[in-house]
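Peer 1: Have a peek at upload_5.cif (mmCIF, N, CA and C atoms; chains and numbers go by the auth columns).
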data_model
#
loop_
_atom_site.group_PDB
_atom_site.id
_atom_site.type_symbol
_atom_site.label_atom_id
_atom_site.label_comp_id
_atom_site.label_asym_id
_atom_site.label_seq_id
_atom_site.Cartn_x
_atom_site.Cartn_y
_atom_site.Cartn_z
_atom_site.B_iso_or_equiv
_atom_site.auth_seq_id
_atom_site.auth_asym_id
ATOM 1 N N MET A 1 0.850 -1.169 0.000 0.00 8 A
ATOM 2 C CA MET A 1 0.000 0.000 0.000 0.00 8 A
ATOM 3 C C MET A 1 0.896 1.232 0.000 0.00 8 A
ATOM 4 N N ASN A 2 0.497 2.240 -0.800 0.00 9 A
ATOM 5 C CA ASN A 2 1.280 3.468 -0.849 0.00 9 A
ATOM 6 C C ASN A 2 0.353 4.687 -0.875 0.00 9 A
ATOM 7 N N LEU A 3 0.957 5.855 -0.716 0.00 10 A
ATOM 8 C CA LEU A 3 0.167 7.084 -0.648 0.00 10 A
ATOM 9 C C LEU A 3 -0.596 7.375 -1.936 0.00 10 A
ATOM 10 N N LYS A 4 -0.020 6.998 -3.076 0.00 11 A
ATOM 11 C CA LYS A 4 -0.719 7.225 -4.352 0.00 11 A
ATOM 12 C C LYS A 4 -2.033 6.449 -4.385 0.00 11 A
ATOM 13 N N GLN A 5 -1.990 5.207 -3.957 0.00 12 A
ATOM 14 C CA GLN A 5 -3.201 4.387 -3.935 0.00 12 A
ATOM 15 C C GLN A 5 -4.247 4.994 -3.004 0.00 12 A
ATOM 16 N N ILE A 6 -3.792 5.455 -1.847 0.00 13 A
ATOM 17 C CA ILE A 6 -4.698 6.058 -0.881 0.00 13 A
ATOM 18 C C ILE A 6 -5.289 7.352 -1.443 0.00 13 A
ATOM 19 N N LYS A 7 -4.449 8.154 -2.070 0.00 14 A
ATOM 20 C CA LYS A 7 -4.919 9.413 -2.660 0.00 14 A
ATOM 21 C C LYS A 7 -5.957 9.145 -3.754 0.00 14 A
ATOM 22 N N TYR A 8 -5.684 8.214 -4.633 0.00 15 A
ATOM 23 C CA TYR A 8 -6.614 7.901 -5.711 0.00 15 A
ATOM 24 C C TYR A 8 -7.939 7.394 -5.154 0.00 15 A
ATOM 25 N N PHE A 9 -7.867 6.530 -4.150 0.00 16 A
ATOM 26 C CA PHE A 9 -9.078 6.014 -3.512 0.00 16 A
ATOM 27 C C PHE A 9 -9.917 7.171 -2.959 0.00 16 A
ATOM 28 N N CYS A 10 -9.286 8.063 -2.227 0.00 17 A
ATOM 29 C CA CYS A 10 -10.000 9.202 -1.633 0.00 17 A
ATOM 30 C C CYS A 10 -10.592 10.115 -2.704 0.00 17 A
ATOM 31 N N GLU A 11 -9.866 10.328 -3.783 0.00 18 A
ATOM 32 C CA GLU A 11 -10.383 11.174 -4.868 0.00 18 A
ATOM 33 C C GLU A 11 -11.618 10.549 -5.503 0.00 18 A
ATOM 34 N N VAL A 12 -11.615 9.243 -5.689 0.00 19 A
ATOM 35 C CA VAL A 12 -12.788 8.576 -6.269 0.00 19 A
ATOM 36 C C VAL A 12 -13.985 8.735 -5.342 0.00 19 A
ATOM 37 N N VAL A 13 -13.757 8.562 -4.051 0.00 20 A
ATOM 38 C CA VAL A 13 -14.852 8.729 -3.090 0.00 20 A
ATOM 39 C C VAL A 13 -15.389 10.159 -3.165 0.00 20 A
ATOM 40 N N GLU A 14 -14.503 11.127 -3.154 0.00 21 A
ATOM 41 C CA GLU A 14 -14.911 12.530 -3.114 0.00 21 A
ATOM 42 C C GLU A 14 -15.536 13.010 -4.418 0.00 21 A
ATOM 43 N N GLU A 15 -15.056 12.509 -5.529 0.00 22 A
ATOM 44 C CA GLU A 15 -15.592 12.921 -6.832 0.00 22 A
ATOM 45 C C GLU A 15 -16.797 12.094 -7.262 0.00 22 A
ATOM 46 N N GLY A 16 -16.974 10.943 -6.659 0.00 23 A
ATOM 47 C CA GLY A 16 -18.123 10.104 -6.979 0.00 23 A
ATOM 48 C C GLY A 16 -17.923 9.132 -8.118 0.00 23 A
ATOM 49 N N SER A 17 -16.776 9.214 -8.799 0.00 24 A
ATOM 50 C CA SER A 17 -16.483 8.270 -9.881 0.00 24 A
ATOM 51 C C SER A 17 -14.993 8.303 -10.211 0.00 24 A
ATOM 52 N N ALA A 18 -14.528 7.198 -10.765 0.00 25 A
ATOM 53 C CA ALA A 18 -13.128 7.126 -11.181 0.00 25 A
ATOM 54 C C ALA A 18 -12.867 8.081 -12.341 0.00 25 A
ATOM 55 N N LYS A 19 -13.844 8.230 -13.217 0.00 26 A
ATOM 56 C CA LYS A 19 -13.669 9.117 -14.371 0.00 26 A
ATOM 57 C C LYS A 19 -13.482 10.567 -13.921 0.00 26 A
ATOM 58 N N LYS A 20 -14.319 11.032 -13.016 0.00 27 A
ATOM 59 C CA LYS A 20 -14.193 12.406 -12.520 0.00 27 A
ATOM 60 C C LYS A 20 -12.905 12.606 -11.736 0.00 27 A
ATOM 61 N N ALA A 21 -12.526 11.606 -10.951 0.00 28 A
ATOM 62 C CA ALA A 21 -11.275 11.691 -10.195 0.00 28 A
ATOM 63 C C ALA A 21 -10.089 11.758 -11.144 0.00 28 A
ATOM 64 N N ALA A 22 -10.131 10.964 -12.212 0.00 29 A
ATOM 65 C CA ALA A 22 -9.044 10.964 -13.191 0.00 29 A
ATOM 66 C C ALA A 22 -8.935 12.328 -13.882 0.00 29 A
ATOM 67 N N GLU A 23 -10.070 12.911 -14.215 0.00 30 A
ATOM 68 C CA GLU A 23 -10.058 14.243 -14.838 0.00 30 A
ATOM 69 C C GLU A 23 -9.443 15.270 -13.901 0.00 30 A
ATOM 70 N N LYS A 24 -9.818 15.224 -12.629 0.00 31 A
ATOM 71 C CA LYS A 24 -9.287 16.165 -11.649 0.00 31 A
ATOM 72 C C LYS A 24 -7.779 16.008 -11.479 0.00 31 A
ATOM 73 N N LEU A 25 -7.315 14.750 -11.493 0.00 32 A
ATOM 74 C CA LEU A 25 -5.893 14.461 -11.282 0.00 32 A
ATOM 75 C C LEU A 25 -5.081 14.491 -12.581 0.00 32 A
ATOM 76 N N HIS A 26 -5.771 14.670 -13.719 0.00 33 A
ATOM 77 C CA HIS A 26 -5.120 14.704 -15.038 0.00 33 A
ATOM 78 C C HIS A 26 -4.365 13.412 -15.334 0.00 33 A
ATOM 79 N N ILE A 27 -5.052 12.300 -15.080 0.00 34 A
ATOM 80 C CA ILE A 27 -4.492 10.983 -15.395 0.00 34 A
ATOM 81 C C ILE A 27 -5.582 10.144 -16.056 0.00 34 A
ATOM 82 N N ALA A 28 -5.192 9.019 -16.600 0.00 35 A
ATOM 83 C CA ALA A 28 -6.147 8.124 -17.253 0.00 35 A
ATOM 84 C C ALA A 28 -6.978 7.383 -16.204 0.00 35 A
ATOM 85 N N PRO A 29 -8.277 7.188 -16.466 0.00 36 A
ATOM 86 C CA PRO A 29 -9.106 6.430 -15.531 0.00 36 A
ATOM 87 C C PRO A 29 -8.559 5.029 -15.257 0.00 36 A
ATOM 88 N N THR A 30 -7.910 4.437 -16.253 0.00 37 A
ATOM 89 C CA THR A 30 -7.345 3.100 -16.039 0.00 37 A
ATOM 90 C C THR A 30 -6.238 3.113 -14.984 0.00 37 A
ATOM 91 N N ALA A 31 -5.505 4.224 -14.887 0.00 38 A
ATOM 92 C CA ALA A 31 -4.457 4.333 -13.859 0.00 38 A
ATOM 93 C C ALA A 31 -5.083 4.306 -12.473 0.00 38 A
ATOM 94 N N ILE A 32 -6.201 5.000 -12.323 0.00 39 A
ATOM 95 C CA ILE A 32 -6.900 4.998 -11.036 0.00 39 A
ATOM 96 C C ILE A 32 -7.423 3.599 -10.735 0.00 39 A
ATOM 97 N N SER A 33 -8.053 2.988 -11.706 0.00 40 A
ATOM 98 C CA SER A 33 -8.605 1.644 -11.506 0.00 40 A
ATOM 99 C C SER A 33 -7.532 0.642 -11.115 0.00 40 A
ATOM 100 N N MET A 34 -6.394 0.721 -11.770 0.00 41 A
ATOM 101 C CA MET A 34 -5.301 -0.211 -11.457 0.00 41 A
ATOM 102 C C MET A 34 -4.785 0.001 -10.042 0.00 41 A
ATOM 103 N N GLN A 35 -4.604 1.254 -9.638 0.00 42 A
ATOM 104 C CA GLN A 35 -4.098 1.544 -8.293 0.00 42 A
ATOM 105 C C GLN A 35 -5.098 1.092 -7.218 0.00 42 A
ATOM 106 N N ILE A 36 -6.367 1.322 -7.461 0.00 43 A
ATOM 107 C CA ILE A 36 -7.373 0.900 -6.484 0.00 43 A
ATOM 108 C C ILE A 36 -7.464 -0.622 -6.443 0.00 43 A
ATOM 109 N N SER A 37 -7.365 -1.266 -7.583 0.00 44 A
ATOM 110 C CA SER A 37 -7.364 -2.735 -7.605 0.00 44 A
ATOM 111 C C SER A 37 -6.181 -3.296 -6.828 0.00 44 A
ATOM 112 N N ASP A 38 -5.013 -2.675 -6.990 0.00 45 A
ATOM 113 C CA ASP A 38 -3.830 -3.106 -6.236 0.00 45 A
ATOM 114 C C ASP A 38 -4.042 -2.901 -4.737 0.00 45 A
ATOM 115 N N LEU A 39 -4.649 -1.788 -4.367 0.00 46 A
ATOM 116 C CA LEU A 39 -4.931 -1.508 -2.965 0.00 46 A
ATOM 117 C C LEU A 39 -5.906 -2.551 -2.409 0.00 46 A
ATOM 118 N N GLU A 40 -6.940 -2.859 -3.158 0.00 47 A
ATOM 119 C CA GLU A 40 -7.907 -3.875 -2.730 0.00 47 A
ATOM 120 C C GLU A 40 -7.234 -5.235 -2.589 0.00 47 A
ATOM 121 N N MET A 41 -6.332 -5.554 -3.495 0.00 48 A
ATOM 122 C CA MET A 41 -5.615 -6.815 -3.394 0.00 48 A
ATOM 123 C C MET A 41 -4.784 -6.852 -2.115 0.00 48 A
ATOM 124 N N HIS A 42 -4.134 -5.739 -1.816 0.00 49 A
ATOM 125 C CA HIS A 42 -3.325 -5.644 -0.600 0.00 49 A
ATOM 126 C C HIS A 42 -4.202 -5.796 0.647 0.00 49 A
ATOM 127 N N LEU A 43 -5.389 -5.205 0.622 0.00 50 A
ATOM 128 C CA LEU A 43 -6.291 -5.260 1.770 0.00 50 A
ATOM 129 C C LEU A 43 -7.061 -6.585 1.853 0.00 50 A
ATOM 130 N N GLY A 44 -7.158 -7.270 0.734 0.00 51 A
ATOM 131 C CA GLY A 44 -7.829 -8.566 0.718 0.00 51 A
ATOM 132 C C GLY A 44 -9.336 -8.510 0.551 0.00 51 A
ATOM 133 N N ASP A 45 -9.863 -7.359 0.152 0.00 52 A
ATOM 134 C CA ASP A 45 -11.299 -7.233 -0.076 0.00 52 A
ATOM 135 C C ASP A 45 -11.574 -5.989 -0.916 0.00 52 A
ATOM 136 N N LEU A 46 -12.813 -5.856 -1.375 0.00 53 A
ATOM 137 C CA LEU A 46 -13.194 -4.735 -2.227 0.00 53 A
ATOM 138 C C LEU A 46 -13.524 -3.489 -1.405 0.00 53 A
ATOM 139 N N LEU A 47 -13.150 -2.333 -1.944 0.00 54 A
ATOM 140 C CA LEU A 47 -13.483 -1.049 -1.332 0.00 54 A
ATOM 141 C C LEU A 47 -14.755 -0.463 -1.925 0.00 54 A
ATOM 142 N N PHE A 48 -15.040 -0.821 -3.181 0.00 55 A
ATOM 143 C CA PHE A 48 -16.212 -0.316 -3.894 0.00 55 A
ATOM 144 C C PHE A 48 -17.068 -1.459 -4.399 0.00 55 A
ATOM 145 N N ASP A 49 -18.379 -1.240 -4.399 0.00 56 A
ATOM 146 C CA ASP A 49 -19.315 -2.124 -5.085 0.00 56 A
ATOM 147 C C ASP A 49 -19.437 -1.574 -6.491 0.00 56 A
ATOM 148 N N ARG A 50 -18.798 -2.212 -7.431 0.00 57 A
ATOM 149 C CA ARG A 50 -18.752 -1.707 -8.798 0.00 57 A
ATOM 150 C C ARG A 50 -20.014 -2.026 -9.597 0.00 57 A
ATOM 151 N N LYS A 51 -20.890 -2.826 -9.035 0.00 58 A
ATOM 152 C CA LYS A 51 -22.136 -3.168 -9.739 0.00 58 A
ATOM 153 C C LYS A 51 -23.133 -2.025 -9.690 0.00 58 A
ATOM 154 N N SER A 52 -23.047 -1.200 -8.664 0.00 59 A
ATOM 155 C CA SER A 52 -24.001 -0.095 -8.542 0.00 59 A
ATOM 156 C C SER A 52 -23.447 1.147 -9.241 0.00 59 A
ATOM 157 N N ARG A 53 -24.342 1.975 -9.709 0.00 60 A
ATOM 158 C CA ARG A 53 -23.966 3.252 -10.324 0.00 60 A
ATOM 159 C C ARG A 53 -24.725 4.353 -9.640 0.00 60 A
ATOM 160 N N PRO A 54 -24.106 5.345 -9.074 0.00 61 A
ATOM 161 C CA PRO A 54 -22.652 5.448 -8.966 0.00 61 A
ATOM 162 C C PRO A 54 -22.106 4.396 -8.002 0.00 61 A
ATOM 163 N N MET A 55 -20.804 4.140 -8.134 0.00 62 A
ATOM 164 C CA MET A 55 -20.169 3.140 -7.280 0.00 62 A
ATOM 165 C C MET A 55 -20.399 3.500 -5.816 0.00 62 A
ATOM 166 N N GLN A 56 -20.669 2.503 -5.025 0.00 63 A
ATOM 167 C CA GLN A 56 -20.889 2.685 -3.592 0.00 63 A
ATOM 168 C C GLN A 56 -19.730 2.044 -2.819 0.00 63 A
ATOM 169 N N LEU A 57 -19.424 2.614 -1.675 0.00 64 A
ATOM 170 C CA LEU A 57 -18.410 2.017 -0.818 0.00 64 A
ATOM 171 C C LEU A 57 -18.952 0.743 -0.188 0.00 64 A
ATOM 172 N N THR A 58 -18.092 -0.252 -0.087 0.00 65 A
ATOM 173 C CA THR A 58 -18.422 -1.451 0.676 0.00 65 A
ATOM 174 C C THR A 58 -18.229 -1.118 2.152 0.00 65 A
ATOM 175 N N SER A 59 -18.507 -2.065 3.017 0.00 66 A
ATOM 176 C CA SER A 59 -18.278 -1.827 4.448 0.00 66 A
ATOM 177 C C SER A 59 -16.796 -1.561 4.712 0.00 66 A
ATOM 178 N N LEU A 60 -15.917 -2.261 3.999 0.00 67 A
ATOM 179 C CA LEU A 60 -14.479 -1.990 4.139 0.00 67 A
ATOM 180 C C LEU A 60 -14.160 -0.578 3.669 0.00 67 A
ATOM 181 N N GLY A 61 -14.737 -0.165 2.558 0.00 68 A
ATOM 182 C CA GLY A 61 -14.508 1.184 2.041 0.00 68 A
ATOM 183 C C GLY A 61 -14.962 2.248 3.015 0.00 68 A
ATOM 184 N N LYS A 62 -16.111 2.034 3.649 0.00 69 A
ATOM 185 C CA LYS A 62 -16.626 2.974 4.643 0.00 69 A
ATOM 186 C C LYS A 62 -15.715 3.048 5.862 0.00 69 A
ATOM 187 N N PHE A 63 -15.152 1.929 6.238 0.00 70 A
ATOM 188 C CA PHE A 63 -14.204 1.892 7.357 0.00 70 A
ATOM 189 C C PHE A 63 -12.883 2.554 6.970 0.00 70 A
ATOM 190 N N PHE A 64 -12.439 2.276 5.760 0.00 71 A
ATOM 191 C CA PHE A 64 -11.111 2.691 5.306 0.00 71 A
ATOM 192 C C PHE A 64 -11.033 4.179 4.978 0.00 71 A
ATOM 193 N N TYR A 65 -12.106 4.751 4.426 0.00 72 A
ATOM 194 C CA TYR A 65 -12.056 6.128 3.928 0.00 72 A
ATOM 195 C C TYR A 65 -11.622 7.165 4.975 0.00 72 A
ATOM 196 N N PRO A 66 -12.259 7.250 6.138 0.00 73 A
ATOM 197 C CA PRO A 66 -11.820 8.291 7.089 0.00 73 A
ATOM 198 C C PRO A 66 -10.383 8.108 7.558 0.00 73 A
ATOM 199 N N LYS A 67 -9.960 6.876 7.679 0.00 74 A
ATOM 200 C CA LYS A 67 -8.585 6.608 8.089 0.00 74 A
ATOM 201 C C LYS A 67 -7.603 6.969 6.972 0.00 74 A
ATOM 202 N N ALA A 68 -8.005 6.721 5.730 0.00 75 A
ATOM 203 C CA ALA A 68 -7.173 7.082 4.583 0.00 75 A
ATOM 204 C C ALA A 68 -7.027 8.598 4.483 0.00 75 A
ATOM 205 N N LYS A 69 -8.130 9.330 4.699 0.00 76 A
ATOM 206 C CA LYS A 69 -8.083 10.796 4.686 0.00 76 A
ATOM 207 C C LYS A 69 -7.127 11.306 5.760 0.00 76 A
ATOM 208 N N GLU A 70 -7.178 10.692 6.911 0.00 77 A
ATOM 209 C CA GLU A 70 -6.294 11.095 8.004 0.00 77 A
ATOM 210 C C GLU A 70 -4.827 10.859 7.645 0.00 77 A
ATOM 211 N N ILE A 71 -4.548 9.744 6.998 0.00 78 A
ATOM 212 C CA ILE A 71 -3.173 9.448 6.563 0.00 78 A
ATOM 213 C C ILE A 71 -2.694 10.513 5.581 0.00 78 A
ATOM 214 N N LEU A 72 -3.529 10.876 4.609 0.00 79 A
ATOM 215 C CA LEU A 72 -3.142 11.896 3.633 0.00 79 A
ATOM 216 C C LEU A 72 -2.909 13.247 4.305 0.00 79 A
ATOM 217 N N GLU A 73 -3.810 13.621 5.201 0.00 80 A
ATOM 218 C CA GLU A 73 -3.647 14.894 5.912 0.00 80 A
ATOM 219 C C GLU A 73 -2.379 14.903 6.748 0.00 80 A
ATOM 220 N N ASN A 74 -2.091 13.788 7.416 0.00 81 A
ATOM 221 C CA ASN A 74 -0.884 13.696 8.231 0.00 81 A
ATOM 222 C C ASN A 74 0.381 13.707 7.385 0.00 81 A
ATOM 223 N N SER A 75 0.310 13.141 6.191 0.00 82 A
ATOM 224 C CA SER A 75 1.504 13.138 5.333 0.00 82 A
ATOM 225 C C SER A 75 1.822 14.559 4.862 0.00 82 A
ATOM 226 N N VAL A 76 0.798 15.341 4.556 0.00 83 A
ATOM 227 C CA VAL A 76 0.998 16.742 4.166 0.00 83 A
ATOM 228 C C VAL A 76 1.547 17.528 5.355 0.00 83 A
ATOM 229 N N LYS A 77 0.965 17.296 6.510 0.00 84 A
ATOM 230 C CA LYS A 77 1.408 17.976 7.725 0.00 84 A
ATOM 231 C C LYS A 77 2.865 17.630 8.043 0.00 84 A
ATOM 232 N N LEU A 78 3.223 16.381 7.886 0.00 85 A
ATOM 233 C CA LEU A 78 4.593 15.946 8.141 0.00 85 A
ATOM 234 C C LEU A 78 5.588 16.667 7.244 0.00 85 A
ATOM 235 N N VAL A 79 5.274 16.762 5.967 0.00 86 A
ATOM 236 C CA VAL A 79 6.163 17.449 5.026 0.00 86 A
ATOM 237 C C VAL A 79 6.277 18.931 5.401 0.00 86 A
ATOM 238 N N ASP A 80 5.144 19.549 5.714 0.00 87 A
ATOM 239 C CA ASP A 80 5.163 20.961 6.106 0.00 87 A
ATOM 240 C C ASP A 80 6.017 21.178 7.358 0.00 87 A
ATOM 241 N N GLU A 81 5.839 20.320 8.344 0.00 88 A
ATOM 242 C CA GLU A 81 6.615 20.458 9.582 0.00 88 A
ATOM 243 C C GLU A 81 8.098 20.188 9.363 0.00 88 A
ATOM 244 N N ALA A 82 8.407 19.259 8.490 0.00 89 A
ATOM 245 C CA ALA A 82 9.805 18.922 8.223 0.00 89 A
ATOM 246 C C ALA A 82 10.530 20.073 7.519 0.00 89 A
ATOM 247 N N ARG A 83 9.779 20.825 6.729 0.00 90 A
ATOM 248 C CA ARG A 83 10.377 21.962 6.004 0.00 90 A
ATOM 249 C C ARG A 83 10.641 23.092 6.982 0.00 90 A
#
Show this structure as structure tokens.
Peer 2:
Amino acid sequence: MNLKQIKYFCEVVEEGSAKKAAEKLHIAPTAISMQISDLEMHLGDLLFDRKSRPMQLTSLGKFFYPKAKEILENSVKLVDEAR
């Protein structure tokens, strides 16, 4: 698991779709999908229910999202404090 995967996951949640998140981040939607798939593989379960439109968070996704946001916020804070 890495910060890029966490960031992409959070962007998809916040934007409501991988396509919108990809547009915001100026990357291909497939890059987001691959990173989230790798993250799900690392976690051992799905973060999104891809059958529903718009995609909905699974119970793992609901658990993971606030903690992922905290990790991203702390990583920014760490860099700022280190500077």
Peer 1: Run the PyMOL selection byres ((chain A and resi 67-73) around 7) against the file shown and list the residues it catches, as a ChimeraX atom specification.
Peer 2: /A:17,53-55,64-66,74-78
Peer 1: Kindly give the distance, in Å, that separates CA of Phe16 in chain A and CA of Ala89 in chain A, rounded to a single decimal.
Peer 2: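 Calculated distance between CA of Phe16 in chain A and CA of Ala89 in chain A is 25.7 Å.
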Peer 1: What's the 6.5 Å shell around range 20-32 of chain A, counting only N, CA and C atoms, without same-chain residues fewer than 4 positions away, as an MDAnalysis selection string?
Peer 2: chainID A and resid 15:16 36 61:62
Peer 1: How many Å lie between CA of Leu85 in chain A and atom N of Ile43 in chain A, rounded to one decimal?
Peer 2: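 If I compute the distance from CA of Leu85 in chain A to atom N of Ile43 in chain A, I get 24.0 Å.
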Peer 1: Select, counting only N, CA and C atoms, all protein, DNA and RNA residues no farther than 6.5 Å from (-4.0, 3.1, -7.8) in file coordinates, and express the selection as a list in words.
Peer 2: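 Residues lying no farther than 6.5 Å from the given point: Lys11, Gln12, Ile13, Tyr15, Phe16, Ala38, Ile39, Ser40, Met41, Gln42, Ile43, Ser44, Asp45 and Leu46 of chain A.
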Peer 1: Within range 46-78 of chain A, find each residue whose DSSP state, derived from the backbone, is strand (DSSP E), and express the selection as a PyMOL selection string.
Peer 2: chain A and resi 55-56+63-64
Peer 1: Around range 11-16 of chain A, with edges along x, y and z and 8 Å added on all six sides, what centre and edge lengths do you get, in Å to one decimal, as JSON?
Peer 2:
{"center_x": -5.0, "center_y": 6.9, "center_z": -3.3, "size_x": 25.9, "size_y": 21.0, "size_z": 20.8}
Peer 1: How about completing range 54-67 of chain A with N, CA, C and O atoms and giving it to me as a PDB file, in the coordinates of the input?
Peer 2:
ATOM      1  N   LEU A  54     -13.150  -2.333  -1.944  1.00  0.00           N
ATOM      2  CA  LEU A  54     -13.483  -1.049  -1.332  1.00  0.00           C
ATOM      3  C   LEU A  54     -14.755  -0.463  -1.925  1.00  0.00           C
ATOM      4  O   LEU A  54     -15.447   0.308  -1.280  1.00  0.00           O
ATOM      5  N   PHE A  55     -15.040  -0.821  -3.181  1.00  0.00           N
ATOM      6  CA  PHE A  55     -16.212  -0.316  -3.894  1.00  0.00           C
ATOM      7  C   PHE A  55     -17.068  -1.459  -4.399  1.00  0.00           C
ATOM      8  O   PHE A  55     -16.549  -2.487  -4.831  1.00  0.00           O
ATOM      9  N   ASP A  56     -18.379  -1.240  -4.399  1.00  0.00           N
ATOM     10  CA  ASP A  56     -19.315  -2.124  -5.085  1.00  0.00           C
ATOM     11  C   ASP A  56     -19.437  -1.574  -6.491  1.00  0.00           C
ATOM     12  O   ASP A  56     -20.082  -0.553  -6.711  1.00  0.00           O
ATOM     13  N   ARG A  57     -18.798  -2.212  -7.431  1.00  0.00           N
ATOM     14  CA  ARG A  57     -18.752  -1.707  -8.798  1.00  0.00           C
ATOM     15  C   ARG A  57     -20.014  -2.026  -9.597  1.00  0.00           C
ATOM     16  O   ARG A  57     -20.165  -1.562 -10.713  1.00  0.00           O
ATOM     17  N   LYS A  58     -20.890  -2.826  -9.035  1.00  0.00           N
ATOM     18  CA  LYS A  58     -22.136  -3.168  -9.739  1.00  0.00           C
ATOM     19  C   LYS A  58     -23.133  -2.025  -9.690  1.00  0.00           C
ATOM     20  O   LYS A  58     -23.978  -1.911 -10.563  1.00  0.00           O
ATOM     21  N   SER A  59     -23.047  -1.200  -8.664  1.00  0.00           N
ATOM     22  CA  SER A  59     -24.001  -0.095  -8.542  1.00  0.00           C
ATOM     23  C   SER A  59     -23.447   1.147  -9.241  1.00  0.00           C
ATOM     24  O   SER A  59     -22.246   1.330  -9.344  1.00  0.00           O
ATOM     25  N   ARG A  60     -24.342   1.975  -9.709  1.00  0.00           N
ATOM     26  CA  ARG A  60     -23.966   3.252 -10.324  1.00  0.00           C
ATOM     27  C   ARG A  60     -24.725   4.353  -9.640  1.00  0.00           C
ATOM     28  O   ARG A  60     -25.954   4.270  -9.589  1.00  0.00           O
ATOM     29  N   PRO A  61     -24.106   5.345  -9.074  1.00  0.00           N
ATOM     30  CA  PRO A  61     -22.652   5.448  -8.966  1.00  0.00           C
ATOM     31  C   PRO A  61     -22.106   4.396  -8.002  1.00  0.00           C
ATOM     32  O   PRO A  61     -22.848   3.837  -7.200  1.00  0.00           O
ATOM     33  N   MET A  62     -20.804   4.140  -8.134  1.00  0.00           N
ATOM     34  CA  MET A  62     -20.169   3.140  -7.280  1.00  0.00           C
ATOM     35  C   MET A  62     -20.399   3.500  -5.816  1.00  0.00           C
ATOM     36  O   MET A  62     -20.330   4.666  -5.435  1.00  0.00           O
ATOM     37  N   GLN A  63     -20.669   2.503  -5.025  1.00  0.00           N
ATOM     38  CA  GLN A  63     -20.889   2.685  -3.592  1.00  0.00           C
ATOM     39  C   GLN A  63     -19.730   2.044  -2.819  1.00  0.00           C
ATOM     40  O   GLN A  63     -19.148   1.055  -3.274  1.00  0.00           O
ATOM     41  N   LEU A  64     -19.424   2.614  -1.675  1.00  0.00           N
ATOM     42  CA  LEU A  64     -18.410   2.017  -0.818  1.00  0.00           C
ATOM     43  C   LEU A  64     -18.952   0.743  -0.188  1.00  0.00           C
ATOM     44  O   LEU A  64     -20.111   0.681   0.214  1.00  0.00           O
ATOM     45  N   THR A  65     -18.092  -0.252  -0.087  1.00  0.00           N
ATOM     46  CA  THR A  65     -18.422  -1.451   0.676  1.00  0.00           C
ATOM     47  C   THR A  65     -18.229  -1.118   2.152  1.00  0.00           C
ATOM     48  O   THR A  65     -17.788  -0.019   2.510  1.00  0.00           O
ATOM     49  N   SER A  66     -18.507  -2.065   3.017  1.00  0.00           N
ATOM     50  CA  SER A  66     -18.278  -1.827   4.448  1.00  0.00           C
ATOM     51  C   SER A  66     -16.796  -1.561   4.712  1.00  0.00           C
ATOM     52  O   SER A  66     -16.453  -0.706   5.528  1.00  0.00           O
ATOM     53  N   LEU A  67     -15.917  -2.261   3.999  1.00  0.00           N
ATOM     54  CA  LEU A  67     -14.479  -1.990   4.139  1.00  0.00           C
ATOM     55  C   LEU A  67     -14.160  -0.578   3.669  1.00  0.00           C
ATOM     56  O   LEU A  67     -13.403   0.143   4.322  1.00  0.00           O
TER      57      LEU A  67
END
